[in-house]
Each structure stands twice: as C-alpha cells, then as structure tokens.
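Here's the structure we're looking at; comments come further down.
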Amino acid sequence: MRPLPSLDDIRKGGKLALSRMLTRLETEAETAEVAGFLDEACTNGAGLVLGLTGPPGVGKSTLTDALIRNYRSSGLSVAVLAIDPSSQFTGGALLGDRTRLQTDPDDAAVFVRSMAARDRLGGLSDHAIAAIAMLRAVVDRVIVESVGIGQSEGDLVQACDTLLLCIQPGSGDSLQFMKAGIMELPDVVAVTKADMGASARRAASDVAGALSLSRQMQTGWRVPVCEVSARTGQGLDDLVAAVSDHGEFMDRTGALVPKRLRQQGHWLRDMVRTRFGTAGLETVVKQLSETSVQPFGTYRRIALELSARLERPAAD
Ligand code: GDP
C-alpha cells in the first residue's frame with residue numbers, strides 16, 4: 001500500500017490531492033494508517049464546518065453557490081460536501097462531483113464533492129464524517145449541504161460547528177419543524193428567496209417565534225434569523241456575518257473544543273453500537289476520556305478487539 005500523504009502534502013497538492021485522499025479514506029477505511037491520519041486531522045481542524053440544511057427546493061444549492069463566492073472573495077478556501085440522499089440505491093453519488101454548483105474549475109481553492117447519504121432521509125455516512133474530519137484540517141470553510149427531511153438535521157448537528165437551517169417563505173415549514181423538534185437545532189436560520197418580499201418577512205417573524213428560547217438561555221447564543229436572496233445577493237453579507245459571529249462566539253466562550261469532543265464521542269459510540277450493540281458500548285465508556293477522543297483509532301482498536309472476541313468459539 002502506498003504511504004498516505006501528510007495534511008501538509010494535501011494542503012499543497014490542491015484539488016487532485018484532496019480528491020485522491022477522499023477516495024483512499026473510503027477504500028482504505030479502518031486501516032491503522034487511515035485511522036491515524038484521521039485522528040491527527042481531528043486535532044488539526046482549524047477550518048470551520050457549516051452544515052446547511054432545509055427541504056428540497058428551498059434554495060440550498062443556490063445559497064451554497066453564493067456562499068462559495070462570498071468566502072472566495074475574502075480569500076478563504078472552501079470545500080463543499082453535498083450529501084445526496086437519492087444515490088443510496090445506486091451506490092454512488094448521482095449528481096457526480098459537479099453537483100448543481102457552478103464553481104470555477106480553475107480556482108484551486110474551491111473543492112466540491114458529492115457523496116451518497118446513509119439513507120433516504122439524508123443521514124451522513126461514516127465516509128462523510130471521515131471526509132469532514134480531513135477537510136476541516138486543510139481548508140478554511142467546509143460547507144456540508146444536506147436535504148433536511150427528518151434524520152439529516154440530527155446527523156448534521158453531530159458533524160458541524162454551525163448549523164444553518166434554510167426555510168422557504170410561504171411554506172409553513174417552521175410549524176412543521178417546530179413539531180418535529182428541528183427548531184431546537186439551528187445556530188443560524190436563513191429565510192431564503194427574500195426577493196419574494198412580504199412572504200419572506202412573514203416567514204422570518206414566524207421563525208423567530210418558533211425558535212427555542214430555553215436553548216438560547218442555556219447557551220447564551222441568540223439564533224439570528226436572516227432574510228437572504230441568493231439570486232439578488234440581498235442579505236447575503238448579513239448571513240455570512242451571522243455565521244462568522246457564531247464561530248467567534250464559540251471561540252470566545254470556549255465552546256468549540258468540547259463541542260467537537262462530544263461529536264467525536266457520539267460518533268464512536270454510534271459506530272460501536274451499530275456494529276457490536278450495547279455490550280460493545282460498555283467498552284467505549286471505559287475507554288473515553290474527557291480531553292481526547294481519537295475516535296478513528298479508538299474505534300479501530302475496539303472493533304478489532306470485539307470482532308476477535310465474537311469470532312472466538314465459545315468454550316464449552
Ligand atoms: P435546493 O433543492 O434546496 O438545493 O434548491 P435550489 O438551490 O436548487 O433552488 C430551488 C429553486 O429555487 C430554483 O428554481 C432556484 O432558481 C430558486 N431559487 C433559489 N434561490 C432563490 C432566490 O434567492 N430567489 C428566488 N426567487 N428563487 C430562488
């Protein structure tokens with residue numbers, strides 16, 4: 001097996017190096033080298049991860065496009081991971097690497113990849129979690145775009161630093177989201193298609209009323225509601241500022257490091273529970289520390305240990 005590149009090699013190697021490495025993370029998943037690489041990436045994640053979700057047609061792709069342009073104009077490098085729930089049945093990402101985004105192929109600092117979802121509801125696969133761990137170590141902004149139809153919002157919360165929920169004017173979505181408990185989750189809300197005028201303003205005030213006050217009291221973060229039109233650019237700077245305010249808030253309050261540690265612990269428990277059930281989980285609990293998770297290496301160790309134990313014939 002070829003040795004893996006370092007994070008620095010990937011930073012310098014541009015899109016081709018990134019793309020090759022993402023493929024290797026999938027084909028060589030659970031090798032000691034990949035687990036070690038990913039755990040190192042986890043401790044070097046200087047980039048911020050923005051999760052972008054909302055129902056189909058709300059304007060996520062158009063907004064992602066606008067965000068890419070905005071970040072690039074500030075000189076930030078951007079990677080987009082577009083989660084494609086339709087591709088579950090074909091085994092590959094239907095949209096291909098281009099997705100619907102219109103990025104400049106000559107711009108070395110924009111990277112776009114689409115990836116199959118774990119299920120029809122748009123949940124994130126293990127590969128997506130590994131990809132995010134690497135991407136945030138090599139670019140400034142990672143945007144994870146995922147259709148919000150149930151499960152994906154919960155998955156995204158466990159994978160991103162800032163969750164941006166998109167709501168369509170005139171859709172009555174905020175009421176549905178509130179019933180489903182989704183309004184508890186976003187850090188920033190965007191009411192899209194603000195060029196539609198009065199209905200966008202109405203949607204924004206509905207949303208503001210539906211946001212969870214108890215969570216705001218607990219965290220001290222007041223979730224901003226931004227009216228934005230990706231088509232005309234109206235409100236885009238305010239939205240970008242709201243997202244970056246959330247990043248600064250986490251820095252200032254020291255919330256980011258524990259948040260990522262909780263996410264890593266969650267991922268590790270989820271992986272082991274899926275494969276080894278509750279008996280496996282007890283092993284994780286014993287091994288988890290509060291300051292460092294090393295989720296990929298720890299998972300690999302536990303998986304090897306428990307598989308060996310399960311495969312050993314029971315003594316009679
Ligand atoms: P997605 O399914 O959430 O990714 O939504 P898309 O980005 O594909 O957009 C869905 C539709 O809404 C398309 O026809 C877009 O042209 C339209 N759309 C997206 N953003 C805007 C906007 O800011 N204003 C208006 N009027 N239409 C928009």
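By order in the structure tokens, chains are A, B, ...; within a chain, residues start at 1; ligands start at 1, following the order shown.
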Give me the region 97-175 of chain A side of the contact with region 15-34 of chain A, cut-off 12 Å, one line per residue showing its nearest atom pair and distance in Å at one decimal, counting only C-alpha atoms, sorted by chain and residue number, as CSV.
residue,atom,partner,partner_atom,distance
A:Asp97,CA,A:Ser19,CA,9.8
A:Pro105,CA,A:Lys15,CA,9.9
A:Asp106,CA,A:Lys15,CA,10.1
A:Asp107,CA,A:Lys15,CA,9.3
A:Ala108,CA,A:Lys15,CA,6.3
A:Ala109,CA,A:Lys15,CA,7.8
A:Val110,CA,A:Lys15,CA,7.8
A:Phe111,CA,A:Lys15,CA,6.2
A:Val112,CA,A:Lys15,CA,8.9
A:Arg113,CA,A:Ser19,CA,8.1
A:Ser114,CA,A:Ser19,CA,11.1
A:Met115,CA,A:Leu22,CA,10.5
A:Ala116,CA,A:Glu26,CA,12.0
A:Ser125,CA,A:Glu26,CA,10.7
A:Asp126,CA,A:Glu26,CA,9.0
A:His127,CA,A:Glu26,CA,6.1
A:Ala128,CA,A:Glu26,CA,9.4
A:Ile129,CA,A:Leu25,CA,10.4
A:Ala130,CA,A:Leu25,CA,7.1
A:Ala131,CA,A:Leu22,CA,6.3
A:Ile132,CA,A:Leu22,CA,9.8
A:Ala133,CA,A:Leu22,CA,10.7
A:Met134,CA,A:Leu22,CA,8.3
A:Leu135,CA,A:Leu18,CA,8.2
A:Arg136,CA,A:Leu18,CA,11.7
A:Ala137,CA,A:Leu18,CA,11.3
A:Val138,CA,A:Leu18,CA,8.8
A:Val139,CA,A:Leu18,CA,10.2
Please, could you write that set of residues out with C-alpha atoms as a tab-separated table (two decimals), in the first residue's frame?
chain	number	residue	atom	x	y	z
A	97	ASP	CA	-18.65	15.73	-8.43
A	105	PRO	CA	-12.79	24.82	-12.41
A	106	ASP	CA	-9.60	26.89	-12.46
A	107	ASP	CA	-9.98	28.08	-8.87
A	108	ALA	CA	-7.72	25.77	-6.87
A	109	ALA	CA	-9.22	26.90	-3.56
A	110	VAL	CA	-12.76	25.56	-4.16
A	111	PHE	CA	-13.37	21.87	-3.85
A	112	VAL	CA	-16.74	20.18	-4.36
A	113	ARG	CA	-17.61	16.56	-3.78
A	114	SER	CA	-20.96	14.85	-3.60
A	115	MET	CA	-21.42	11.80	-1.51
A	116	ALA	CA	-24.12	9.20	-1.03
A	125	SER	CA	-22.45	8.14	6.21
A	126	ASP	CA	-19.27	7.16	8.05
A	127	HIS	CA	-17.37	8.25	4.94
A	128	ALA	CA	-18.87	11.73	5.21
A	129	ILE	CA	-17.72	12.01	8.83
A	130	ALA	CA	-14.19	10.98	7.85
A	131	ALA	CA	-14.25	13.40	4.91
A	132	ILE	CA	-15.32	16.29	7.16
A	133	ALA	CA	-12.54	15.48	9.64
A	134	MET	CA	-9.98	15.75	6.86
A	135	LEU	CA	-11.47	18.73	5.01
A	136	ARG	CA	-11.60	20.97	8.06
A	137	ALA	CA	-7.90	20.32	8.57
A	138	VAL	CA	-6.98	21.51	5.07
A	139	VAL	CA	-9.42	24.29	4.10
Per residue of chain A within 7 Å of ligand 1, which atom pair is closest and at what distance in Å (one decimal), using only C-alpha atoms and all ligand atoms, listed by chain and increasing number, as a Markdown table?
| residue | atom | partner | partner_atom_place_in_ligand_line | distance |
| --- | --- | --- | --- | --- |
| A:Gly54 | CA | ligand 1 | 3 (O) | 6.5 |
| A:Pro55 | CA | ligand 1 | 3 (O) | 6.1 |
| A:Pro56 | CA | ligand 1 | 2 (O) | 4.0 |
| A:Gly57 | CA | ligand 1 | 2 (O) | 3.5 |
| A:Val58 | CA | ligand 1 | 3 (O) | 4.0 |
| A:Gly59 | CA | ligand 1 | 5 (O) | 3.2 |
| A:Lys60 | CA | ligand 1 | 3 (O) | 3.7 |
| A:Ser61 | CA | ligand 1 | 7 (O) | 3.7 |
| A:Thr62 | CA | ligand 1 | 7 (O) | 3.8 |
| A:Leu63 | CA | ligand 1 | 7 (O) | 6.3 |
| A:Thr192 | CA | ligand 1 | 23 (O) | 5.8 |
| A:Lys193 | CA | ligand 1 | 24 (N) | 3.6 |
| A:Ala194 | CA | ligand 1 | 23 (O) | 6.3 |
| A:Asp195 | CA | ligand 1 | 24 (N) | 5.7 |
| A:Met196 | CA | ligand 1 | 26 (N) | 6.0 |
| A:Val228 | CA | ligand 1 | 23 (O) | 6.7 |
| A:Ser229 | CA | ligand 1 | 23 (O) | 3.5 |
| A:Ala230 | CA | ligand 1 | 23 (O) | 3.9 |
| A:Arg231 | CA | ligand 1 | 23 (O) | 4.0 |
| A:Thr232 | CA | ligand 1 | 23 (O) | 6.4 |
Export of prior selection with N, CA, C and O atoms as a PDB file, in the first residue's frame:
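Now in selection07.pdb:
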ATOM      1  N   GLY A  54     -32.225  21.994   4.833  1.00  0.00           N
ATOM      2  CA  GLY A  54     -33.545  22.552   4.547  1.00  0.00           C
ATOM      3  C   GLY A  54     -34.226  21.657   3.533  1.00  0.00           C
ATOM      4  O   GLY A  54     -33.565  20.840   2.895  1.00  0.00           O
ATOM      5  N   PRO A  55     -35.535  21.807   3.367  1.00  0.00           N
ATOM      6  CA  PRO A  55     -36.265  20.913   2.465  1.00  0.00           C
ATOM      7  C   PRO A  55     -35.841  21.081   1.001  1.00  0.00           C
ATOM      8  O   PRO A  55     -35.254  22.114   0.652  1.00  0.00           O
ATOM      9  N   PRO A  56     -36.141  20.108   0.155  1.00  0.00           N
ATOM     10  CA  PRO A  56     -35.792  20.214  -1.269  1.00  0.00           C
ATOM     11  C   PRO A  56     -36.449  21.459  -1.878  1.00  0.00           C
ATOM     12  O   PRO A  56     -37.596  21.756  -1.555  1.00  0.00           O
ATOM     13  N   GLY A  57     -35.715  22.183  -2.690  1.00  0.00           N
ATOM     14  CA  GLY A  57     -36.280  23.337  -3.385  1.00  0.00           C
ATOM     15  C   GLY A  57     -36.193  24.640  -2.617  1.00  0.00           C
ATOM     16  O   GLY A  57     -36.524  25.702  -3.137  1.00  0.00           O
ATOM     17  N   VAL A  58     -35.709  24.593  -1.372  1.00  0.00           N
ATOM     18  CA  VAL A  58     -35.664  25.806  -0.549  1.00  0.00           C
ATOM     19  C   VAL A  58     -34.596  26.793  -1.046  1.00  0.00           C
ATOM     20  O   VAL A  58     -34.670  27.994  -0.777  1.00  0.00           O
ATOM     21  N   GLY A  59     -33.626  26.257  -1.809  1.00  0.00           N
ATOM     22  CA  GLY A  59     -32.574  27.126  -2.346  1.00  0.00           C
ATOM     23  C   GLY A  59     -31.201  26.851  -1.771  1.00  0.00           C
ATOM     24  O   GLY A  59     -30.321  27.709  -1.808  1.00  0.00           O
ATOM     25  N   LYS A  60     -30.984  25.629  -1.281  1.00  0.00           N
ATOM     26  CA  LYS A  60     -29.689  25.296  -0.651  1.00  0.00           C
ATOM     27  C   LYS A  60     -28.532  25.395  -1.636  1.00  0.00           C
ATOM     28  O   LYS A  60     -27.499  25.988  -1.332  1.00  0.00           O
ATOM     29  N   SER A  61     -28.713  24.808  -2.836  1.00  0.00           N
ATOM     30  CA  SER A  61     -27.598  24.811  -3.791  1.00  0.00           C
ATOM     31  C   SER A  61     -27.277  26.223  -4.240  1.00  0.00           C
ATOM     32  O   SER A  61     -26.101  26.603  -4.336  1.00  0.00           O
ATOM     33  N   THR A  62     -28.320  26.999  -4.508  1.00  0.00           N
ATOM     34  CA  THR A  62     -28.106  28.376  -4.952  1.00  0.00           C
ATOM     35  C   THR A  62     -27.391  29.167  -3.856  1.00  0.00           C
ATOM     36  O   THR A  62     -26.476  29.947  -4.127  1.00  0.00           O
ATOM     37  N   LEU A  63     -27.784  28.911  -2.615  1.00  0.00           N
ATOM     38  CA  LEU A  63     -27.159  29.614  -1.498  1.00  0.00           C
ATOM     39  C   LEU A  63     -25.711  29.156  -1.302  1.00  0.00           C
ATOM     40  O   LEU A  63     -24.817  29.969  -1.044  1.00  0.00           O
ATOM     41  N   THR A 192     -34.967  31.962   2.882  1.00  0.00           N
ATOM     42  CA  THR A 192     -34.426  32.119   1.526  1.00  0.00           C
ATOM     43  C   THR A 192     -35.393  32.932   0.652  1.00  0.00           C
ATOM     44  O   THR A 192     -36.513  33.209   1.055  1.00  0.00           O
ATOM     45  N   LYS A 193     -34.937  33.248  -0.535  1.00  0.00           N
ATOM     46  CA  LYS A 193     -35.748  33.912  -1.574  1.00  0.00           C
ATOM     47  C   LYS A 193     -36.386  35.203  -1.056  1.00  0.00           C
ATOM     48  O   LYS A 193     -37.564  35.473  -1.271  1.00  0.00           O
ATOM     49  N   ALA A 194     -35.574  35.974  -0.331  1.00  0.00           N
ATOM     50  CA  ALA A 194     -36.074  37.220   0.269  1.00  0.00           C
ATOM     51  C   ALA A 194     -36.549  38.193  -0.797  1.00  0.00           C
ATOM     52  O   ALA A 194     -37.302  39.127  -0.503  1.00  0.00           O
ATOM     53  N   ASP A 195     -36.145  37.961  -2.054  1.00  0.00           N
ATOM     54  CA  ASP A 195     -36.639  38.843  -3.130  1.00  0.00           C
ATOM     55  C   ASP A 195     -38.138  38.655  -3.346  1.00  0.00           C
ATOM     56  O   ASP A 195     -38.763  39.405  -4.089  1.00  0.00           O
ATOM     57  N   MET A 196     -38.746  37.652  -2.689  1.00  0.00           N
ATOM     58  CA  MET A 196     -40.185  37.457  -2.810  1.00  0.00           C
ATOM     59  C   MET A 196     -40.970  38.411  -1.904  1.00  0.00           C
ATOM     60  O   MET A 196     -42.204  38.384  -1.890  1.00  0.00           O
ATOM     61  N   VAL A 228     -32.553  36.238   3.178  1.00  0.00           N
ATOM     62  CA  VAL A 228     -31.483  36.297   2.182  1.00  0.00           C
ATOM     63  C   VAL A 228     -32.003  35.901   0.798  1.00  0.00           C
ATOM     64  O   VAL A 228     -32.876  35.039   0.678  1.00  0.00           O
ATOM     65  N   SER A 229     -31.513  36.581  -0.206  1.00  0.00           N
ATOM     66  CA  SER A 229     -31.795  36.143  -1.573  1.00  0.00           C
ATOM     67  C   SER A 229     -30.469  35.806  -2.237  1.00  0.00           C
ATOM     68  O   SER A 229     -29.648  36.684  -2.470  1.00  0.00           O
ATOM     69  N   ALA A 230     -30.290  34.529  -2.517  1.00  0.00           N
ATOM     70  CA  ALA A 230     -29.056  34.129  -3.195  1.00  0.00           C
ATOM     71  C   ALA A 230     -29.079  34.656  -4.625  1.00  0.00           C
ATOM     72  O   ALA A 230     -28.045  34.886  -5.238  1.00  0.00           O
ATOM     73  N   ARG A 231     -30.287  34.884  -5.134  1.00  0.00           N
ATOM     74  CA  ARG A 231     -30.422  35.345  -6.519  1.00  0.00           C
ATOM     75  C   ARG A 231     -29.964  36.787  -6.668  1.00  0.00           C
ATOM     76  O   ARG A 231     -29.194  37.107  -7.577  1.00  0.00           O
ATOM     77  N   THR A 232     -30.417  37.671  -5.764  1.00  0.00           N
ATOM     78  CA  THR A 232     -30.052  39.096  -5.907  1.00  0.00           C
ATOM     79  C   THR A 232     -28.864  39.485  -5.023  1.00  0.00           C
ATOM     80  O   THR A 232     -28.304  40.553  -5.182  1.00  0.00           O
TER      81      THR A 232
END
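The coordinates place CA of Leu50 (chain A) at 6.1 Å from CA of Asp161 (chain A).
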Those in region 2-138 of chain A with strand (DSSP E) from DSSP, as a PyMOL selection string:
chain A and resi 48-54+78-84+110-116
Export, as an mmCIF file, in the first residue's frame, the selected residues with N, CA and C atoms.
data_model
loop_
_atom_site.group_PDB
_atom_site.id
_atom_site.type_symbol
_atom_site.label_atom_id
_atom_site.label_comp_id
_atom_site.auth_asym_id
_atom_site.auth_seq_id
_atom_site.Cartn_x
_atom_site.Cartn_y
_atom_site.Cartn_z
ATOM 1 N N LEU A 48 -13.617 25.873 9.767
ATOM 2 C CA LEU A 48 -14.940 25.809 10.390
ATOM 3 C C LEU A 48 -15.900 25.056 9.476
ATOM 4 N N VAL A 49 -16.780 24.281 10.093
ATOM 5 C CA VAL A 49 -17.707 23.453 9.323
ATOM 6 C C VAL A 49 -19.118 24.025 9.441
ATOM 7 N N LEU A 50 -19.659 24.402 8.287
ATOM 8 C CA LEU A 50 -21.027 24.926 8.249
ATOM 9 C C LEU A 50 -21.944 23.862 7.674
ATOM 10 N N GLY A 51 -22.911 23.427 8.444
ATOM 11 C CA GLY A 51 -23.907 22.479 7.935
ATOM 12 C C GLY A 51 -25.074 23.268 7.392
ATOM 13 N N LEU A 52 -25.489 22.941 6.166
ATOM 14 C CA LEU A 52 -26.562 23.710 5.538
ATOM 15 C C LEU A 52 -27.688 22.744 5.204
ATOM 16 N N THR A 53 -28.851 22.960 5.788
ATOM 17 C CA THR A 53 -29.931 22.005 5.563
ATOM 18 C C THR A 53 -31.257 22.721 5.356
ATOM 19 N N GLY A 54 -32.225 21.994 4.833
ATOM 20 C CA GLY A 54 -33.545 22.552 4.547
ATOM 21 C C GLY A 54 -34.226 21.657 3.533
ATOM 22 N N VAL A 78 -12.449 26.928 0.316
ATOM 23 C CA VAL A 78 -13.755 26.327 0.622
ATOM 24 C C VAL A 78 -13.841 24.912 0.070
ATOM 25 N N ALA A 79 -14.397 24.016 0.876
ATOM 26 C CA ALA A 79 -14.745 22.685 0.364
ATOM 27 C C ALA A 79 -16.227 22.458 0.618
ATOM 28 N N VAL A 80 -16.903 21.890 -0.365
ATOM 29 C CA VAL A 80 -18.328 21.590 -0.213
ATOM 30 C C VAL A 80 -18.525 20.083 -0.293
ATOM 31 N N LEU A 81 -19.234 19.565 0.669
ATOM 32 C CA LEU A 81 -19.612 18.161 0.635
ATOM 33 C C LEU A 81 -21.126 18.141 0.465
ATOM 34 N N ALA A 82 -21.582 17.719 -0.709
ATOM 35 C CA ALA A 82 -23.029 17.706 -0.962
ATOM 36 C C ALA A 82 -23.535 16.281 -0.729
ATOM 37 N N ILE A 83 -24.401 16.142 0.245
ATOM 38 C CA ILE A 83 -24.896 14.812 0.591
ATOM 39 C C ILE A 83 -26.122 14.515 -0.262
ATOM 40 N N ASP A 84 -26.074 13.414 -0.973
ATOM 41 C CA ASP A 84 -27.079 13.115 -1.986
ATOM 42 C C ASP A 84 -27.929 11.924 -1.549
ATOM 43 N N VAL A 110 -11.375 26.015 -4.349
ATOM 44 C CA VAL A 110 -12.757 25.559 -4.160
ATOM 45 C C VAL A 110 -12.825 24.092 -4.526
ATOM 46 N N PHE A 111 -13.309 23.305 -3.602
ATOM 47 C CA PHE A 111 -13.372 21.873 -3.846
ATOM 48 C C PHE A 111 -14.796 21.393 -3.583
ATOM 49 N N VAL A 112 -15.369 20.654 -4.529
ATOM 50 C CA VAL A 112 -16.744 20.182 -4.362
ATOM 51 C C VAL A 112 -16.801 18.674 -4.549
ATOM 52 N N ARG A 113 -17.465 18.010 -3.637
ATOM 53 C CA ARG A 113 -17.613 16.565 -3.780
ATOM 54 C C ARG A 113 -19.029 16.192 -3.361
ATOM 55 N N SER A 114 -19.688 15.332 -4.116
ATOM 56 C CA SER A 114 -20.964 14.848 -3.598
ATOM 57 C C SER A 114 -20.788 13.426 -3.121
ATOM 58 N N MET A 115 -21.615 13.062 -2.189
ATOM 59 C CA MET A 115 -21.420 11.799 -1.510
ATOM 60 C C MET A 115 -22.770 11.173 -1.213
ATOM 61 N N ALA A 116 -22.856 9.867 -1.325
ATOM 62 C CA ALA A 116 -24.119 9.195 -1.034
ATOM 63 C C ALA A 116 -24.482 9.371 0.438
#
Excluding Phe37 (chain A) and residues on its chain fewer than 6 positions from it, collect all residues at most 9 Å away from it, counting only C-alpha atoms, and give them as a ChimeraX atom specification.
/A:4-7,134,296
Per DSSP on the backbone, what are the alpha helix (DSSP H) residues of region 99-222 of chain A, as an MDAnalysis selection string?
chainID A and resid 126:138 151:157 173:179 198:210 213:219
Please produce an output containing C-alpha atoms for each residue in the selection, written as an mmCIF file, in the first residue's frame.
data_model
loop_
_atom_site.group_PDB
_atom_site.id
_atom_site.type_symbol
_atom_site.label_atom_id
_atom_site.label_comp_id
_atom_site.auth_asym_id
_atom_site.auth_seq_id
_atom_site.Cartn_x
_atom_site.Cartn_y
_atom_site.Cartn_z
ATOM 1 C CA ASP A 126 -19.265 7.163 8.045
ATOM 2 C CA HIS A 127 -17.372 8.254 4.943
ATOM 3 C CA ALA A 128 -18.871 11.728 5.211
ATOM 4 C CA ILE A 129 -17.725 12.009 8.834
ATOM 5 C CA ALA A 130 -14.194 10.981 7.852
ATOM 6 C CA ALA A 131 -14.246 13.397 4.909
ATOM 7 C CA ILE A 132 -15.318 16.289 7.156
ATOM 8 C CA ALA A 133 -12.541 15.477 9.639
ATOM 9 C CA MET A 134 -9.981 15.745 6.856
ATOM 10 C CA LEU A 135 -11.469 18.731 5.010
ATOM 11 C CA ARG A 136 -11.599 20.971 8.059
ATOM 12 C CA ALA A 137 -7.898 20.322 8.572
ATOM 13 C CA VAL A 138 -6.978 21.508 5.074
ATOM 14 C CA GLN A 151 -32.931 12.452 10.181
ATOM 15 C CA SER A 152 -30.296 14.524 8.453
ATOM 16 C CA GLU A 153 -30.616 17.528 10.768
ATOM 17 C CA GLY A 154 -29.719 15.410 13.791
ATOM 18 C CA ASP A 155 -26.798 13.865 11.927
ATOM 19 C CA LEU A 156 -25.552 17.273 10.807
ATOM 20 C CA VAL A 157 -25.609 18.634 14.341
ATOM 21 C CA ASP A 173 -42.268 24.861 7.291
ATOM 22 C CA SER A 174 -41.410 26.457 10.608
ATOM 23 C CA LEU A 175 -44.541 24.991 12.184
ATOM 24 C CA GLN A 176 -43.683 21.521 10.877
ATOM 25 C CA PHE A 177 -40.080 21.910 12.023
ATOM 26 C CA MET A 178 -41.249 23.001 15.444
ATOM 27 C CA LYS A 179 -43.440 19.908 15.789
ATOM 28 C CA ALA A 198 -43.726 40.234 2.110
ATOM 29 C CA SER A 199 -43.943 36.445 2.355
ATOM 30 C CA ALA A 200 -40.244 36.286 3.303
ATOM 31 C CA ARG A 201 -40.776 38.843 6.045
ATOM 32 C CA ARG A 202 -43.772 36.906 7.368
ATOM 33 C CA ALA A 203 -41.782 33.661 7.341
ATOM 34 C CA ALA A 204 -38.948 35.381 9.232
ATOM 35 C CA SER A 205 -41.273 36.525 12.012
ATOM 36 C CA ASP A 206 -42.909 33.052 12.193
ATOM 37 C CA VAL A 207 -39.459 31.515 12.580
ATOM 38 C CA ALA A 208 -38.381 33.986 15.224
ATOM 39 C CA GLY A 209 -41.464 32.980 17.206
ATOM 40 C CA ALA A 210 -40.760 29.276 16.783
ATOM 41 C CA LEU A 213 -35.901 30.212 23.975
ATOM 42 C CA SER A 214 -34.778 27.629 26.507
ATOM 43 C CA ARG A 215 -31.833 26.649 24.357
ATOM 44 C CA GLN A 216 -30.884 30.291 23.915
ATOM 45 C CA MET A 217 -30.952 30.761 27.670
ATOM 46 C CA GLN A 218 -28.756 27.707 28.174
ATOM 47 C CA THR A 219 -26.091 28.529 25.624
#
Excluding region 279-285 of chain A and any residue of its chain fewer than 2 positions from it, enumerate the residues within 9 Å of it, using only C-alpha atoms, and give them as a ChimeraX atom specification.
/A:265,268-270,272-273,275-277,287-289,298-299,302-303,306
Saved selection, atoms kept: N, CA, C and O atoms, as a short mmCIF file (atom, residue, chain, number, x, y, z; two decimals), in the first residue's frame:
data_model
loop_
_atom_site.label_atom_id
_atom_site.label_comp_id
_atom_site.auth_asym_id
_atom_site.auth_seq_id
_atom_site.Cartn_x
_atom_site.Cartn_y
_atom_site.Cartn_z
N GLY A 265 -17.08 11.66 20.43
CA GLY A 265 -17.56 10.61 21.33
C GLY A 265 -18.87 10.02 20.83
O GLY A 265 -19.09 8.81 20.87
N LEU A 268 -18.16 7.74 17.87
CA LEU A 268 -17.54 6.48 18.31
C LEU A 268 -18.61 5.56 18.91
O LEU A 268 -18.69 4.37 18.57
N ARG A 269 -19.44 6.11 19.77
CA ARG A 269 -20.50 5.28 20.38
C ARG A 269 -21.46 4.76 19.33
O ARG A 269 -21.86 3.59 19.35
N ASP A 270 -21.80 5.63 18.38
CA ASP A 270 -22.73 5.26 17.33
C ASP A 270 -22.18 4.11 16.49
O ASP A 270 -22.87 3.13 16.19
N VAL A 272 -19.82 1.90 17.31
CA VAL A 272 -19.69 0.65 18.06
C VAL A 272 -21.06 0.06 18.36
O VAL A 272 -21.26 -1.15 18.27
N ARG A 273 -22.03 0.93 18.66
CA ARG A 273 -23.38 0.42 18.96
C ARG A 273 -23.96 -0.27 17.72
O ARG A 273 -24.53 -1.36 17.80
N ARG A 275 -22.42 -1.73 15.33
CA ARG A 275 -21.77 -2.99 14.98
C ARG A 275 -21.76 -4.01 16.10
O ARG A 275 -21.86 -5.20 15.86
N PHE A 276 -21.67 -3.55 17.34
CA PHE A 276 -21.48 -4.51 18.44
C PHE A 276 -22.54 -4.42 19.54
O PHE A 276 -22.41 -5.07 20.57
N GLY A 277 -23.55 -3.56 19.32
CA GLY A 277 -24.63 -3.49 20.31
C GLY A 277 -24.20 -2.90 21.64
O GLY A 277 -23.12 -2.33 21.78
N GLN A 287 -13.25 3.45 27.81
CA GLN A 287 -12.05 3.99 27.16
C GLN A 287 -12.11 5.49 26.89
O GLN A 287 -11.12 6.10 26.53
N LEU A 288 -13.30 6.09 27.03
CA LEU A 288 -13.42 7.51 26.68
C LEU A 288 -12.80 8.41 27.74
O LEU A 288 -13.02 8.22 28.92
N SER A 289 -12.01 9.37 27.27
CA SER A 289 -11.51 10.35 28.22
C SER A 289 -12.14 11.69 27.88
O SER A 289 -12.72 11.86 26.81
N THR A 298 -9.44 4.77 18.13
CA THR A 298 -10.11 4.05 19.21
C THR A 298 -11.14 3.08 18.63
O THR A 298 -11.26 1.93 19.07
N TYR A 299 -11.88 3.55 17.63
CA TYR A 299 -12.88 2.67 17.01
C TYR A 299 -12.21 1.43 16.43
O TYR A 299 -12.65 0.31 16.61
N ILE A 302 -11.18 -0.96 19.20
CA ILE A 302 -12.32 -1.65 19.79
C ILE A 302 -12.90 -2.66 18.80
O ILE A 302 -13.24 -3.79 19.17
N ALA A 303 -12.98 -2.25 17.53
CA ALA A 303 -13.57 -3.14 16.53
C ALA A 303 -12.73 -4.41 16.39
O ALA A 303 -13.27 -5.53 16.31
N LEU A 306 -13.21 -6.53 19.67
CA LEU A 306 -14.52 -7.17 19.80
C LEU A 306 -14.78 -8.18 18.70
O LEU A 306 -15.38 -9.22 18.95
#
